[in-house]
Structures are given as C-alpha cells and as structure tokens.
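Shown below: work_34.cif, with mmCIF, C-alpha atoms.
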data_my_file
#
loop_
_atom_site.label_atom_id
_atom_site.label_comp_id
_atom_site.auth_asym_id
_atom_site.auth_seq_id
_atom_site.Cartn_x
_atom_site.Cartn_y
_atom_site.Cartn_z
CA MET A 22 -48.01 8.55 -154.52
CA HIS A 23 -51.18 10.37 -155.49
CA GLU A 24 -53.83 7.91 -154.57
CA ARG A 25 -56.80 10.22 -155.18
CA SER A 26 -55.78 11.04 -158.74
CA LEU A 27 -55.00 7.36 -159.37
CA VAL A 28 -58.47 6.39 -158.15
CA GLN A 29 -59.99 9.13 -160.31
CA ASN A 30 -58.15 7.73 -163.32
CA LEU A 31 -59.24 4.17 -162.41
CA LEU A 32 -62.92 5.14 -162.15
CA LYS A 33 -62.73 7.02 -165.46
CA GLN A 34 -61.31 3.96 -167.22
CA VAL A 35 -63.87 1.63 -165.64
CA ARG A 36 -66.69 3.95 -166.71
CA GLN A 37 -65.42 3.81 -170.30
CA ILE A 38 -65.41 0.00 -170.13
CA VAL A 39 -68.97 -0.06 -168.77
CA GLU A 40 -70.13 2.30 -171.53
CA ALA A 41 -68.46 0.12 -174.17
CA GLN A 42 -70.35 -2.85 -172.73
CA GLY A 43 -73.65 -1.01 -173.04
CA GLY A 44 -74.07 -0.25 -169.33
CA GLY A 45 -74.64 -2.27 -166.18
CA ARG A 46 -74.00 -2.09 -162.47
CA VAL A 47 -70.37 -2.47 -161.43
CA SER A 48 -70.13 -4.82 -158.47
CA GLU A 49 -66.37 -5.34 -158.28
CA ILE A 50 -63.20 -3.73 -159.59
CA CYS A 51 -60.05 -5.79 -159.30
CA VAL A 52 -56.72 -3.97 -159.20
CA GLN A 53 -53.13 -5.12 -158.70
CA ALA A 54 -50.54 -2.76 -157.19
CA GLY A 55 -46.89 -3.69 -157.48
CA ASP A 56 -44.48 -3.13 -154.60
CA LEU A 57 -42.57 -0.75 -156.86
CA SER A 58 -45.65 1.08 -158.15
CA GLY A 59 -45.46 3.78 -155.52
CA VAL A 60 -49.05 3.09 -154.46
CA GLU A 61 -49.89 3.02 -150.76
CA PRO A 62 -52.68 0.37 -150.47
CA LEU A 63 -54.40 1.80 -147.38
CA LEU A 64 -54.62 5.29 -148.84
CA PHE A 65 -55.74 3.91 -152.20
CA ALA A 66 -58.55 1.86 -150.60
CA ALA A 67 -59.66 4.84 -148.49
CA ALA A 68 -59.73 7.14 -151.52
CA PHE A 69 -61.67 4.50 -153.49
CA GLU A 70 -64.30 4.15 -150.79
CA GLU A 71 -64.79 7.89 -150.68
CA MET A 72 -64.85 8.49 -154.42
CA VAL A 73 -66.64 5.44 -155.82
CA VAL A 74 -70.06 6.62 -154.64
CA ASP A 75 -69.87 9.60 -156.98
CA VAL A 76 -69.48 7.34 -160.02
CA PHE A 77 -70.88 3.90 -159.20
CA SER A 78 -72.94 2.52 -156.32
CA VAL A 79 -71.74 1.98 -152.75
CA GLU A 80 -71.99 -1.75 -153.36
CA CYS A 81 -69.11 -1.58 -155.83
CA ARG A 82 -66.24 -3.35 -154.09
CA LEU A 83 -62.54 -2.88 -154.63
CA LYS A 84 -60.36 -5.97 -154.71
CA LEU A 85 -56.80 -4.74 -154.30
CA ASP A 86 -54.04 -7.33 -154.58
CA LEU A 87 -50.45 -6.52 -153.80
CA VAL A 88 -47.89 -7.90 -156.20
CA PRO A 89 -44.26 -8.52 -155.23
CA VAL A 90 -41.53 -7.34 -157.59
CA THR A 91 -40.33 -10.09 -159.91
CA ALA A 92 -37.27 -9.81 -162.13
CA VAL A 93 -35.52 -11.94 -164.73
CA CYS A 94 -31.75 -12.07 -165.11
CA THR A 95 -30.68 -11.19 -168.65
CA HIS A 96 -27.54 -13.36 -168.26
CA CYS A 97 -28.83 -16.69 -166.89
CA GLN A 98 -32.60 -16.12 -167.41
CA HIS A 99 -33.25 -16.96 -163.74
CA GLU A 100 -36.57 -15.53 -162.59
CA PHE A 101 -36.71 -14.36 -158.99
CA GLU A 102 -38.70 -12.36 -156.49
CA VAL A 103 -36.90 -9.17 -155.55
CA LEU A 104 -36.57 -9.03 -151.78
CA ASP A 105 -35.62 -5.87 -149.90
CA PHE A 106 -35.04 -4.06 -153.24
CA GLN A 107 -31.93 -6.16 -153.88
CA PHE A 108 -31.68 -6.27 -157.65
CA HIS A 109 -28.73 -8.65 -158.15
CA CYS A 110 -29.49 -12.09 -159.56
CA PRO A 111 -29.33 -14.60 -156.64
CA GLU A 112 -28.13 -17.31 -159.06
CA CYS A 113 -25.25 -15.73 -160.99
CA GLY A 114 -24.81 -12.39 -159.20
CA SER A 115 -25.41 -10.30 -162.34
CA GLY A 116 -26.82 -6.83 -161.91
CA THR A 117 -28.45 -6.77 -165.33
CA VAL A 118 -31.99 -7.78 -164.54
CA ASP A 119 -35.32 -6.74 -166.00
CA VAL A 120 -38.33 -6.15 -163.79
CA ILE A 121 -41.19 -8.20 -165.26
CA GLN A 122 -43.84 -7.63 -162.61
CA GLY A 123 -44.59 -5.37 -159.68
CA ASP A 124 -43.64 -1.94 -160.98
CA ASP A 125 -47.08 -0.72 -162.02
CA LEU A 126 -50.73 -0.40 -161.06
CA GLN A 127 -52.96 -2.61 -163.19
CA LEU A 128 -56.68 -2.77 -163.73
CA ILE A 129 -57.25 -6.53 -163.83
CA SER A 130 -61.00 -6.93 -164.21
CA VAL A 131 -64.40 -5.33 -163.88
CA THR A 132 -67.45 -7.31 -162.78
CA LEU A 133 -70.75 -6.11 -164.21
CA GLU A 134 -74.27 -7.05 -163.19
CA THR A 135 -76.72 -6.63 -166.03
CA ILE A 136 -80.44 -7.18 -166.26
CA ASP A 137 -81.10 -10.05 -168.63
CA SER A 138 -82.93 -8.75 -171.72
CA ARG A 139 -85.57 -11.55 -171.42
CA GLU A 140 -85.95 -10.73 -167.73
CA GLY A 141 -86.36 -7.09 -168.68
CA VAL A 142 -89.18 -7.90 -171.12
CA SER A 143 -91.04 -10.23 -168.78
CA SER A 144 -90.96 -7.92 -165.76
CA MET B 23 -79.76 -10.53 -163.55
CA SER B 24 -76.54 -11.87 -165.00
CA ARG B 25 -72.96 -11.37 -163.93
CA GLN B 26 -70.10 -10.82 -166.30
CA THR B 27 -66.42 -10.34 -165.47
CA ILE B 28 -64.49 -8.38 -168.06
CA ILE B 29 -60.78 -9.10 -168.01
CA VAL B 30 -58.78 -5.92 -168.67
CA LYS B 31 -55.17 -6.45 -167.42
CA ARG B 32 -54.00 -2.98 -168.33
CA ASP B 33 -51.49 -0.61 -166.75
CA LEU B 34 -53.56 2.32 -165.48
CA GLN B 35 -50.85 4.73 -166.61
CA ALA B 36 -50.56 3.15 -170.07
CA ASP B 37 -51.86 6.24 -171.89
CA GLN B 38 -49.48 8.61 -170.10
CA LYS B 39 -46.58 6.23 -170.75
CA ALA B 40 -47.45 6.05 -174.46
CA ASP B 41 -47.58 9.87 -174.68
CA ALA B 42 -44.17 10.09 -173.02
CA GLU B 43 -42.74 7.50 -175.41
CA ALA B 44 -44.03 9.42 -178.44
CA GLU B 45 -42.53 12.69 -177.17
CA ARG B 46 -39.23 10.98 -176.35
CA LYS B 47 -39.10 9.63 -179.89
CA ARG B 48 -39.91 13.03 -181.43
CA LEU B 49 -37.16 14.78 -179.48
CA GLY B 50 -34.69 11.94 -179.97
CA HIS B 51 -35.18 11.97 -183.73
CA ARG B 52 -34.24 15.60 -184.00
CA GLY B 53 -31.14 15.16 -181.84
CA THR B 54 -32.28 16.42 -178.44
CA LEU B 55 -31.33 14.32 -175.41
CA VAL B 56 -33.81 14.92 -172.60
CA VAL B 57 -32.33 14.74 -169.09
CA ASN B 58 -34.63 14.63 -166.05
CA LEU B 59 -32.84 15.86 -162.90
CA LEU B 60 -34.34 14.73 -159.61
CA SER B 61 -33.37 15.24 -155.99
CA SER B 62 -34.44 16.56 -152.60
CA PRO B 63 -34.84 20.34 -152.40
CA GLY B 64 -31.47 22.04 -152.05
CA SER B 65 -29.28 19.25 -153.41
CA GLY B 66 -27.78 21.54 -156.02
CA LYS B 67 -29.72 20.94 -159.26
CA THR B 68 -29.60 24.60 -160.30
CA SER B 69 -25.92 24.94 -159.37
CA LEU B 70 -25.17 21.82 -161.43
CA LEU B 71 -27.00 23.34 -164.41
CA GLU B 72 -25.03 26.59 -164.06
CA ALA B 73 -21.77 24.62 -164.05
CA THR B 74 -22.96 22.50 -167.01
CA ALA B 75 -23.93 25.59 -169.01
CA ARG B 76 -20.47 27.11 -168.42
CA GLN B 77 -18.78 23.86 -169.45
CA PHE B 78 -20.86 23.46 -172.62
CA ALA B 79 -20.73 27.17 -173.58
CA GLY B 80 -20.00 27.58 -177.29
CA ARG B 81 -19.75 23.80 -177.86
CA ARG B 82 -23.14 22.33 -177.10
CA SER B 83 -26.58 23.91 -177.06
CA MET B 84 -28.91 23.38 -174.12
CA ALA B 85 -32.19 24.62 -172.70
CA VAL B 86 -33.72 24.17 -169.27
CA LEU B 87 -37.25 23.69 -167.97
CA VAL B 88 -37.27 24.30 -164.26
CA GLY B 89 -40.07 23.16 -161.96
CA ASP B 90 -40.95 24.73 -158.63
CA LEU B 91 -44.05 25.17 -156.51
CA GLU B 92 -43.69 28.95 -156.54
CA THR B 93 -41.38 31.78 -157.73
CA ASP B 94 -39.09 31.98 -160.76
CA ARG B 95 -35.90 32.24 -158.72
CA ASP B 96 -34.19 29.28 -160.41
CA ALA B 97 -35.11 30.54 -163.88
CA GLN B 98 -33.66 33.94 -162.99
CA ARG B 99 -30.37 32.31 -161.98
CA LEU B 100 -30.13 30.34 -165.22
CA ALA B 101 -31.47 32.96 -167.66
CA PRO B 102 -28.12 34.74 -168.20
CA LEU B 103 -26.60 31.42 -169.29
CA VAL B 104 -29.21 29.42 -171.24
CA PRO B 105 -32.78 29.56 -172.60
CA VAL B 106 -34.96 28.68 -169.62
CA ALA B 107 -38.68 28.42 -168.85
CA GLN B 108 -40.02 28.26 -165.32
CA LEU B 109 -42.78 25.72 -164.70
CA THR B 110 -44.71 26.77 -161.61
CA THR B 111 -46.78 23.89 -160.29
CA GLY B 112 -48.74 25.96 -157.75
CA GLY B 113 -48.37 23.35 -155.04
CA ALA B 114 -48.02 20.10 -156.97
CA CYS B 115 -44.96 18.16 -155.82
CA HIS B 116 -43.83 16.86 -159.20
CA LEU B 117 -43.93 17.67 -162.91
CA GLU B 118 -46.10 15.87 -165.44
CA LEU B 119 -45.65 15.62 -169.19
CA PRO B 120 -48.31 18.19 -170.28
CA LEU B 121 -46.60 20.83 -168.13
CA VAL B 122 -43.24 19.98 -169.67
CA GLN B 123 -44.71 20.21 -173.18
CA ARG B 124 -46.23 23.59 -172.37
CA GLY B 125 -42.82 24.82 -171.16
CA LEU B 126 -41.16 23.52 -174.29
CA THR B 127 -43.67 25.39 -176.45
CA ALA B 128 -43.08 28.57 -174.40
CA LEU B 129 -39.39 28.26 -175.26
CA GLY B 130 -40.23 27.93 -178.96
CA ASP B 131 -39.45 24.18 -178.98
CA PRO B 132 -35.73 24.79 -179.64
CA ALA B 133 -33.76 22.02 -181.37
CA VAL B 134 -31.02 22.00 -178.71
CA ASP B 135 -28.55 19.18 -178.05
CA PHE B 136 -29.68 18.82 -174.43
CA LEU B 137 -32.99 19.63 -172.79
CA PHE B 138 -32.68 19.53 -169.02
CA ILE B 139 -35.77 19.23 -166.85
CA GLU B 140 -35.10 20.37 -163.31
CA ASN B 141 -37.86 18.56 -161.46
CA VAL B 142 -39.51 19.74 -158.24
CA GLY B 143 -37.33 18.86 -155.24
CA ASN B 144 -38.79 15.58 -153.98
CA LEU B 145 -37.42 12.02 -153.87
CA VAL B 146 -40.85 10.34 -153.95
CA CYS B 147 -43.53 11.38 -156.48
CA PRO B 148 -41.34 12.46 -159.44
CA ALA B 149 -40.07 8.86 -159.65
CA SER B 150 -43.50 7.73 -160.88
CA HIS B 151 -43.81 10.19 -163.77
CA ASP B 152 -42.21 9.70 -167.17
CA LEU B 153 -41.41 13.14 -168.64
CA ALA B 154 -40.18 11.77 -171.96
CA GLU B 155 -36.61 11.76 -170.69
CA HIS B 156 -33.86 9.66 -172.23
CA LEU B 157 -31.80 9.90 -169.08
CA ARG B 158 -32.90 10.11 -165.46
CA VAL B 159 -30.33 11.48 -163.04
CA VAL B 160 -30.72 11.65 -159.26
CA LEU B 161 -28.62 14.08 -157.22
CA LEU B 162 -27.74 13.36 -153.61
CA SER B 163 -25.75 15.93 -151.64
CA THR B 164 -23.26 14.99 -148.95
CA THR B 165 -25.27 16.96 -146.35
CA GLU B 166 -28.34 14.74 -146.83
CA GLY B 167 -26.70 11.62 -145.43
CA ASP B 168 -25.55 8.43 -147.11
CA ASP B 169 -28.59 6.37 -146.06
CA LYS B 170 -31.02 7.80 -148.61
CA PRO B 171 -31.01 5.29 -151.52
CA GLY B 172 -32.50 2.47 -149.44
CA LYS B 173 -35.19 4.81 -148.12
CA TYR B 174 -36.32 5.88 -151.59
CA PRO B 175 -35.77 2.73 -153.68
CA LYS B 176 -38.01 3.64 -156.61
CA MET B 177 -36.13 6.88 -157.28
CA PHE B 178 -32.77 5.11 -157.38
CA ARG B 179 -34.08 2.04 -159.24
CA THR B 180 -35.47 4.17 -162.06
CA SER B 181 -32.38 6.40 -162.44
CA GLN B 182 -29.43 5.71 -164.70
CA SER B 183 -27.00 7.99 -162.92
CA MET B 184 -26.42 9.38 -159.42
CA LEU B 185 -24.45 12.56 -158.84
CA ILE B 186 -23.03 12.95 -155.35
CA THR B 187 -23.02 16.74 -154.99
CA LYS B 188 -21.39 19.21 -152.55
CA LEU B 189 -18.29 17.04 -152.39
CA ASP B 190 -16.33 19.97 -150.93
CA LEU B 191 -18.29 19.54 -147.68
CA LEU B 192 -17.16 15.93 -147.26
CA PRO B 193 -14.58 16.71 -144.53
CA HIS B 194 -17.32 18.32 -142.42
CA VAL B 195 -20.15 15.78 -142.63
CA PRO B 196 -20.57 12.10 -141.72
CA PHE B 197 -20.99 10.81 -145.28
CA SER B 198 -19.33 7.90 -147.03
CA VAL B 199 -19.14 7.95 -150.83
CA GLU B 200 -18.42 4.19 -150.77
CA ALA B 201 -21.41 3.39 -148.54
CA VAL B 202 -23.89 5.45 -150.55
CA THR B 203 -22.59 3.97 -153.80
CA ALA B 204 -22.97 0.42 -152.47
CA ASP B 205 -26.49 1.15 -151.18
CA ALA B 206 -27.61 2.71 -154.47
CA GLN B 207 -26.03 0.01 -156.66
CA ARG B 208 -27.75 -2.70 -154.61
CA ILE B 209 -31.00 -1.21 -155.96
CA GLN B 210 -29.70 -0.24 -159.41
CA PRO B 211 -26.49 -2.15 -160.20
CA ALA B 212 -25.99 -0.26 -163.49
CA LEU B 213 -26.10 3.16 -161.81
CA LYS B 214 -23.32 5.47 -163.02
CA VAL B 215 -22.01 7.35 -159.98
CA ILE B 216 -20.28 10.71 -160.37
CA PRO B 217 -19.08 12.62 -157.29
CA CYS B 218 -18.87 16.34 -158.00
CA CYS B 219 -18.82 19.87 -156.68
CA SER B 220 -20.55 22.43 -158.88
CA LEU B 221 -19.04 25.44 -157.10
CA ALA B 222 -15.42 24.26 -157.24
CA GLY B 223 -15.91 22.48 -160.57
CA SER B 224 -14.65 19.03 -159.59
CA GLY B 225 -16.39 16.20 -161.42
CA ILE B 226 -18.10 18.55 -163.88
CA GLN B 227 -15.86 17.46 -166.75
CA GLU B 228 -16.71 13.81 -166.05
CA TRP B 229 -20.43 14.69 -165.88
CA CYS B 230 -20.31 16.50 -169.22
CA ASP B 231 -18.32 13.65 -170.80
CA PHE B 232 -21.01 11.27 -169.55
CA LEU B 233 -23.71 13.48 -171.10
CA GLU B 234 -21.85 13.52 -174.44
CA GLU B 235 -21.51 9.74 -174.34
CA GLN B 236 -25.20 9.31 -173.54
CA HIS B 237 -26.16 11.74 -176.31
CA GLN B 238 -24.31 9.56 -178.78
CA LEU B 239 -25.42 6.21 -177.36
CA GLN B 240 -29.07 6.89 -176.69
CA LEU B 241 -29.83 8.92 -179.80
CA ALA B 242 -28.06 6.48 -182.13
CA ALA B 243 -31.16 4.30 -181.94
CA TYR B 244 -33.18 7.05 -183.63
CA HIS B 245 -30.76 7.35 -186.53
CA GLU B 246 -30.57 3.73 -187.57
CA PRO B 247 -30.74 3.46 -191.34
CA ALA B 248 -34.31 3.12 -192.52
CA ASP B 249 -35.62 -0.15 -193.98
CA ASN B 250 -34.42 -1.05 -197.47
CA CYS B 251 -37.87 -0.53 -198.92
#
Here is a file; write its structure as structure tokens.
Amino acid sequence: MHERSLVQNLLKQVRQIVEAQGGGRVSEICVQAGDLSGVEPLLFAAAFEEMVVDVFSVECRLKLDLVPVTAVCTHCQHEFEVLDFQFHCPECGSGTVDVIQGDDLQLISVTLETIDSREGVSS
Amino acid sequence: MSRQTIIVKRDLQADQKADAEAERKRLGHRGTLVVNLLSSPGSGKTSLLEATARQFAGRRSMAVLVGDLETDRDAQRLAPLVPVAQLTTGGACHLELPLVQRGLTALGDPAVDFLFIENVGNLVCPASHDLAEHLRVVLLSTTEGDDKPGKYPKMFRTSQSMLITKLDLLPHVPFSVEAVTADAQRIQPALKVIPCCSLAGSGIQEWCDFLEEQHQLQLAAYHEPADNC
C-alpha cells in the first residue's frame, strides 16, 4: 500500500502518546501488520528507518510482527487460520466467516525511556 | 532512567474508519445508498454507469463522483445523463474520504437514491480505503483474464459483488466465467457475481435489480423504529 503515509500516521500517533505521557525518549515502537492489511513489511521498515529520525532519535527501533489472517465460522464457531486466502470453514465448509485478526495494521505498544524525577534532581 | 511500555493495541486507521462509518450512517439515514466501483483501468466502469443511468432514468435518482489522475473525460461522458463531479487526484492512485466529501459538496450534497463512486482504476490501493460505501463492487472484464481474483485477494475479499464486464468479447478471449467465479468465491464465498455487457445491455437489468434489492436491504437498518422512550 502506501507505506510512507502509513509510517507518517504511525509517528504522528506515537508523538501524541508521548506528549500525553509528559515526554520521554521513544526506544521501541511495536506494530502488527496483518496479512490482509495491504502492508508490505520490507517497504514499511525501510520507510520507518528513513522517517523516524525526523521525529524521534535514531535509536528508536521498530518491532514489526506479521499476523496471519484468522477467521471464525459463524455457523459452527470454528476458529481457523486462513491459508492461501481460502475463506471457507475447514470444519463445516460454510462460506460465512468473519475475519477476527490479520486485516489491519495495529500499533501495539510504545516503549518510553524517562529520566527519573529523583535522578533529575540529584544530577 | 526508567523504562515504561505503554500498551496501545489500536488500529492505525481507526480514525479514518470512524469518519467513514459516520458518513455512511448520515447518507444511509437520508436514503442514499453509496456504491464504490473498483476495477483495473479500462474495465468499463464509466460504460456501466452510462447503462445504469439509462436503466434508472425517470425511476431512480443517482449521482456520480468519478476519480481519475487527470482530465475530466469520464465526467464529460456522464454529464448528459446524471449529476457528476470529477475528482482529480493529481497522481494519487486511489480516492480517500475527504476527497469524496469535497466532491459531494461540489454537487450540492444531493439526496439521491444512489451515489456511485467511480474509483481510480487500480486493483490494489483502493481496497484499503473505506469511502463510506454501503456496497463495494469490483468489475473484471473478460479481456483481463480469469486469473485476477487470486492475484488481488484483498480487493475481492472486501467486495460484495463482482461484475464480469465485456461479456460480448467472450468468444474471442481465453476467459472462463466459471473459473473466475470459483476463484473469486474461494476468497469471498458470499460474492454476488453478475456477468454483463454495458454496450449490448445484457445483465444490466439484473445489476439494477441487485442495486434495488441492496438499497432496500442495507438502508432498512437505518429506518428501524426508534426506541420506545
């Protein structure tokens, strides 16, 4: 998809989180990309590396996990991993299944390093 | 120095999805079914809209927002038939909701029965953008080959209907309606498949009947009786 604009959006949202926390140095951003999210992991990581330095420090790492597509059958409630984009339930054969994971790009967590207030006073 | 991990677990497109949901609700409430038409360039989206406008003439009201990188050629074709606004993306390969809303405003936000969005010709990026549509329809022409659904799974997974266009060319091209239907329904088992030819008119009645049915079905949810209170 549009990895650069996705990364831009990610960094904007992380910055808002950091501001809400009262600041700090971001050391890691953890993201999950579903197989059906349309995100190309290599391009996303490359865009992140290039763009992160404008917002946070170079030491800010990206942890990008790929998530397989998981669906649940609305007939027999069987939960299964969707392989090769085959969306029929492997248990009962029904085609009425809901995707419950793997169709979006999620910001999972942000790791912040902050100077301890006591440390700040003593130094 | 202390380390703190803040758990977020949030869809990065959550805000855009919420905006699209609000717009879908607004248009649904006032009786407008929004139909997002997607396909490769040259699959026949504009021809389908011309045929649809002729079929609905005098019975159903419709308006069209048409997206292209450059020129207003599609809008010029449709203008004699229906209210139409051209959305020129200036190079962007898909439409996004703010552009659609601007086009709708340019048209005077008409309370039509059907608002068609003719997306930019592209089977990849438009699949990831919710334009507040109630119905997503992918067009696949017989000249493109019957192996496309498996190559572009997200597009076919997120669509509710597939129109097989340029059916009149079937005798001249290696294309199997059965094979493409099976491939697409492997990805989206509920996909409604309608083979048609906009120029000769075959399948257009079935397409318009499907639109009428969807108008009734999908918009019924917005007209449920209010709470007793």
- Message: the PyMOL selection byres ((chain B) within 7 of (chain A)) - which residues does that actually catch in the file I just gave you? List them as a PyMOL selection string.
- Response: chain B and resi 23-34+147+150+175-176+208-212
Identify, on the basis of all atoms listed in the file, every residue whose closest approach to Val159 of chain B does not exceed 12 Å; exclude the query and any residue fewer than 5 positions from it along the same chain; express the result as a short mmCIF file (atom, residue, chain, number, x, y, z; two decimals) with C-alpha atoms, in the coordinates of the input.
data_model
loop_
_atom_site.label_atom_id
_atom_site.label_comp_id
_atom_site.auth_asym_id
_atom_site.auth_seq_id
_atom_site.Cartn_x
_atom_site.Cartn_y
_atom_site.Cartn_z
CA VAL B 56 -33.81 14.92 -172.60
CA VAL B 57 -32.33 14.74 -169.09
CA ASN B 58 -34.63 14.63 -166.05
CA LEU B 59 -32.84 15.86 -162.90
CA LEU B 60 -34.34 14.73 -159.61
CA SER B 61 -33.37 15.24 -155.99
CA LYS B 67 -29.72 20.94 -159.26
CA LEU B 70 -25.17 21.82 -161.43
CA PHE B 138 -32.68 19.53 -169.02
CA ILE B 139 -35.77 19.23 -166.85
CA GLU B 140 -35.10 20.37 -163.31
CA ASN B 141 -37.86 18.56 -161.46
CA LEU B 145 -37.42 12.02 -153.87
CA PRO B 148 -41.34 12.46 -159.44
CA ALA B 149 -40.07 8.86 -159.65
CA MET B 177 -36.13 6.88 -157.28
CA PHE B 178 -32.77 5.11 -157.38
CA ARG B 179 -34.08 2.04 -159.24
CA THR B 180 -35.47 4.17 -162.06
CA SER B 181 -32.38 6.40 -162.44
CA GLN B 182 -29.43 5.71 -164.70
CA SER B 183 -27.00 7.99 -162.92
CA MET B 184 -26.42 9.38 -159.42
CA LEU B 185 -24.45 12.56 -158.84
CA ILE B 186 -23.03 12.95 -155.35
CA LEU B 213 -26.10 3.16 -161.81
CA LYS B 214 -23.32 5.47 -163.02
CA VAL B 215 -22.01 7.35 -159.98
CA ILE B 216 -20.28 10.71 -160.37
CA TRP B 229 -20.43 14.69 -165.88
CA PHE B 232 -21.01 11.27 -169.55
CA LEU B 233 -23.71 13.48 -171.10
CA GLN B 236 -25.20 9.31 -173.54
#
- Item | Pick from A:Asp119, A:Leu63, A:Arg82, A:Asp75 nearest to Cys94 of chain A, counting all atoms listed in the file |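 Of A:Asp119, A:Leu63, A:Arg82, A:Asp75, the one nearest Cys94 of chain A is A:Asp119, counting all atoms listed in the file.
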- Work out how far apart atom CA of Thr203 of chain B and atom CA of Asp169 of chain B are and give it in Å to one decimal.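 For atom CA of Thr203 of chain B relative to atom CA of Asp169 of chain B, the distance reads 10.1 Å.
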- Work out how far atom CA of Leu104 of chain A is from atom CA of Val90 of chain A, in Å to one decimal.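 Between atom CA of Val90 of chain A and atom CA of Leu104 of chain A the gap is 7.8 Å.
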- Item | Output of the PyMOL selection byres ((chain B and resi 151) around 10), listed as a VMD selection string | chain B and resid 35 38 to 39 42 116 to 119 147 to 150 152 to 154
- Message: Under the PyMOL selection byres ((chain B and resi 83) around 6), which residues of this model are included? Write them out as number ranges by chain.
- Response: B: 82, 84, 134-135
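For the atom pair formed by atom CA of Pro62 of chain A and atom CA of Val142 of chain B, the distance is 24.7 Å, given to one decimal.
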- Select, from A:Ala66, A:Leu32, A:Ala41, A:Cys113, the residue with the minimum atom-to-atom distance to Leu83 of chain A, counting all atoms listed in the file.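 Ranking A:Ala66, A:Leu32, A:Ala41, A:Cys113 by distance to Leu83 of chain A, first place goes to A:Ala66.
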- Task: Write out as a list of chain:residue names the residues lying within 9 Å of Gln122 of chain A, counting all atoms listed in the file and excluding same-chain residues fewer than 5 positions away.
- Result: A:Gly55, A:Val88, A:Pro89, A:Val90, A:Thr91, A:Ala92
